[in-house]
>>> print(open('data.pdb').read())   # PDB, C-alpha atoms
MODEL        1
ATOM      1  CA  MET P 136      88.803  95.429  80.605
ATOM      2  CA  LYS P 137      91.117  97.379  78.353
ATOM      3  CA  ALA P 138      92.727  95.430  75.542
ATOM      4  CA  ASP P 139      96.519  94.987  75.213
ATOM      5  CA  ILE P 140      97.494  96.394  78.645
ATOM      6  CA  HIS P 141      98.098  93.106  80.479
ATOM      7  CA  PRO P 142     101.314  91.060  80.230
ATOM      8  CA  ASP P 143     101.291  87.740  78.387
ATOM      9  CA  TYR P 144     100.496  84.849  80.769
ATOM     10  CA  HIS P 145     102.112  81.649  79.530
ATOM     11  CA  GLU P 146     103.623  78.333  80.616
ATOM     12  CA  ILE P 147     107.281  78.147  81.782
ATOM     13  CA  THR P 148     109.428  75.426  83.334
ATOM     14  CA  VAL P 149     110.923  75.966  86.804
ATOM     15  CA  VAL P 150     114.074  74.008  87.730
ATOM     16  CA  MET P 151     114.738  73.615  91.476
ATOM     17  CA  THR P 152     118.283  73.510  92.908
ATOM     18  CA  ASP P 153     118.195  69.690  93.084
ATOM     19  CA  GLY P 154     117.259  69.414  89.380
ATOM     20  CA  LYS P 155     113.543  68.680  89.774
ATOM     21  CA  GLU P 156     111.399  70.417  87.193
ATOM     22  CA  TYR P 157     107.797  71.507  87.148
ATOM     23  CA  LYS P 158     105.641  73.547  84.822
ATOM     24  CA  THR P 159     103.719  76.617  85.910
ATOM     25  CA  ARG P 160     102.152  79.676  84.380
ATOM     26  CA  SER P 161     103.873  83.054  84.654
ATOM     27  CA  THR P 162     104.339  86.453  83.071
ATOM     28  CA  LYS P 163     108.147  86.024  83.186
ATOM     29  CA  GLY P 164     109.981  85.602  79.925
ATOM     30  CA  LYS P 165     108.433  83.899  76.925
ATOM     31  CA  GLU P 166     106.409  80.742  76.314
ATOM     32  CA  GLY P 167     108.483  77.618  77.102
ATOM     33  CA  GLU P 168     111.318  79.492  78.852
ATOM     34  CA  VAL P 169     113.220  77.799  81.713
ATOM     35  CA  LEU P 170     113.622  79.497  85.118
ATOM     36  CA  ARG P 171     116.542  78.033  87.107
ATOM     37  CA  LEU P 172     116.354  78.797  90.826
ATOM     38  CA  ASP P 173     119.476  79.691  92.845
ATOM     39  CA  VAL P 174     117.565  79.679  96.145
ATOM     40  CA  ASP P 175     114.535  77.587  96.996
ATOM     41  CA  PRO P 176     112.998  75.868 100.041
ATOM     42  CA  LEU P 177     115.498  73.030  99.649
ATOM     43  CA  THR P 178     118.561  75.224 100.201
ATOM     44  CA  HIS P 179     117.606  78.451 102.004
ATOM     45  CA  PRO P 180     118.299  78.544 105.769
ATOM     46  CA  ALA P 181     114.969  80.241 106.479
ATOM     47  CA  TRP P 182     113.236  76.992 105.474
ATOM     48  CA  GLN P 183     115.916  74.588 106.699
ATOM     49  CA  GLY P 184     116.593  75.689 110.289
ATOM     50  CA  GLY P 185     120.075  74.241 109.980
ATOM     51  CA  LYS P 186     123.505  75.639 110.640
ATOM     52  CA  GLY P 187     122.883  79.077 109.133
ATOM     53  CA  ARG P 188     119.569  79.679 110.871
ATOM     54  CA  VAL P 189     118.048  83.090 110.298
ATOM     55  CA  VAL P 190     117.076  83.556 113.950
ATOM     56  CA  GLU P 191     120.007  82.722 116.167
ATOM     57  CA  LYS P 192     119.670  81.208 119.605
ATOM     58  CA  GLY P 193     118.826  83.814 122.239
ATOM     59  CA  GLN P 194     117.447  86.390 119.820
ATOM     60  CA  LEU P 195     113.887  85.881 121.042
ATOM     61  CA  ASP P 196     114.941  86.323 124.672
ATOM     62  CA  LYS P 197     116.840  89.455 123.755
ATOM     63  CA  PHE P 198     113.764  90.826 121.986
ATOM     64  CA  GLN P 199     111.468  89.934 124.901
ATOM     65  CA  ASN P 200     113.806  91.657 127.375
ATOM     66  CA  ARG P 201     113.922  94.773 125.298
ATOM     67  CA  TYR P 202     110.305  95.032 124.094
ATOM     68  CA  GLY P 203     108.347  92.478 126.139
ATOM     69  CA  ASN P 204     106.124  94.978 127.929
ATOM     70  CA  PHE P 205     106.032  97.671 125.296
ATOM     71  CA  GLY P 206     102.964  99.814 125.858
ATOM     72  CA  LEU P 207     102.056  98.115 129.149
ATOM     73  CA  GLY P 208     103.668 100.713 131.424
ATOM     74  CA  GLY P 209     106.752  98.832 132.575
ATOM     75  CA  THR P 210     109.940  97.108 131.519
ATOM     76  CA  ALA P 211     110.907  93.486 131.565
ATOM     77  CA  GLU P 212     113.301  94.262 134.422
ATOM     78  CA  ASP P 213     110.381  95.615 136.475
ATOM     79  CA  GLU P 214     108.519  92.354 135.902
ATOM     80  CA  ASP P 215     111.543  90.332 136.981
ATOM     81  CA  LYS P 216     111.774  92.359 140.195
ATOM     82  CA  LYS P 217     108.069  91.808 140.901
ATOM     83  CA  GLU P 218     108.456  88.061 140.374
ATOM     84  CA  ALA P 219     111.502  87.935 142.665
ATOM     85  CA  LYS P 220     109.573  89.744 145.429
ATOM     86  CA  THR P 221     106.623  87.335 145.212
ATOM     87  CA  GLU P 222     108.973  84.335 145.353
ATOM     88  CA  ASP P 223     110.637  85.710 148.515
ATOM     89  CA  LYS P 224     107.331  85.879 150.366
TER      90      LYS P 224
ENDMDL
END
>>> encode(input="data.pdb", output="structure tokens")
Amino acid sequence: MKADIHPDYHEITVVMTDGKEYKTRSTKGKEGEVLRLDVDPLTHPAWQGGKGRVVEKGQLDKFQNRYGNFGLGGTAEDEDKKEAKTEDK
């Protein structure tokens, strides 16, 4: 390994949005520095699934209708027609 080409790896303090603190090792900043998070698993909608959900209701259905049979030689509408015909019989 070459000498003096790697960043300094030291201990910092991370402060979550609710005020909880923990120590970890990082290359960010200097020894003993504090990293205050603006977004973390406690507040971001991707982790919460609350009001501001990242994937809105119906998005999966919309995706399946558009790309459900991609590469299988048909469209989702074709599949729906086939299912309707088999139900009629």
>>> resolve_selection(input="data.pdb", expression="the PyMOL selection byres ((chain P and resi 142) around 10)", output="VMD selection string")
chain P and resid 139 to 141 143 to 145 161 to 163
>>> write_last_selection(input="data.pdb", atoms="C-alpha atoms", output="short mmCIF file (atom, residue, chain, number, x, y, z; two decimals), in the coordinates of the input")
data_model
loop_
_atom_site.label_atom_id
_atom_site.label_comp_id
_atom_site.auth_asym_id
_atom_site.auth_seq_id
_atom_site.Cartn_x
_atom_site.Cartn_y
_atom_site.Cartn_z
CA ASP P 139 96.52 94.99 75.21
CA ILE P 140 97.49 96.39 78.64
CA HIS P 141 98.10 93.11 80.48
CA ASP P 143 101.29 87.74 78.39
CA TYR P 144 100.50 84.85 80.77
CA HIS P 145 102.11 81.65 79.53
CA SER P 161 103.87 83.05 84.65
CA THR P 162 104.34 86.45 83.07
CA LYS P 163 108.15 86.02 83.19
#
>>> residues_around(input="data.pdb", residues="Lys158 of chain P", least_positions_apart="2", cutoff="10 Å", atoms="all atoms listed in the file", output="list of chain:residue names")
P:Glu146, P:Ile147, P:Thr148, P:Val149, P:Val150, P:Glu156, P:Arg160, P:Ser161, P:Gly167, P:Val169, P:Leu170
>>> atom_distance(input="data.pdb", atom1="atom CA of Asp153 of chain P", atom2="atom CA of Glu168 of chain P")
18.6 Å
>>> atom_distance(input="data.pdb", atom1="atom CA of Gln194 of chain P", atom2="atom CA of Asp173 of chain P")
27.9 Å
>>> axis_aligned_box(input="data.pdb", around="segment 193-202 of chain P", padding_each_side="8 Å", output="lines of an AutoDock Vina configuration file")
center_x = 114.6
center_y = 89.4
center_z = 123.6
size_x = 24.5
size_y = 27.2
size_z = 23.6
>>> atom_distance(input="data.pdb", atom1="atom CA of Lys165 of chain P", atom2="atom CA of Leu177 of chain P")
26.2 Å
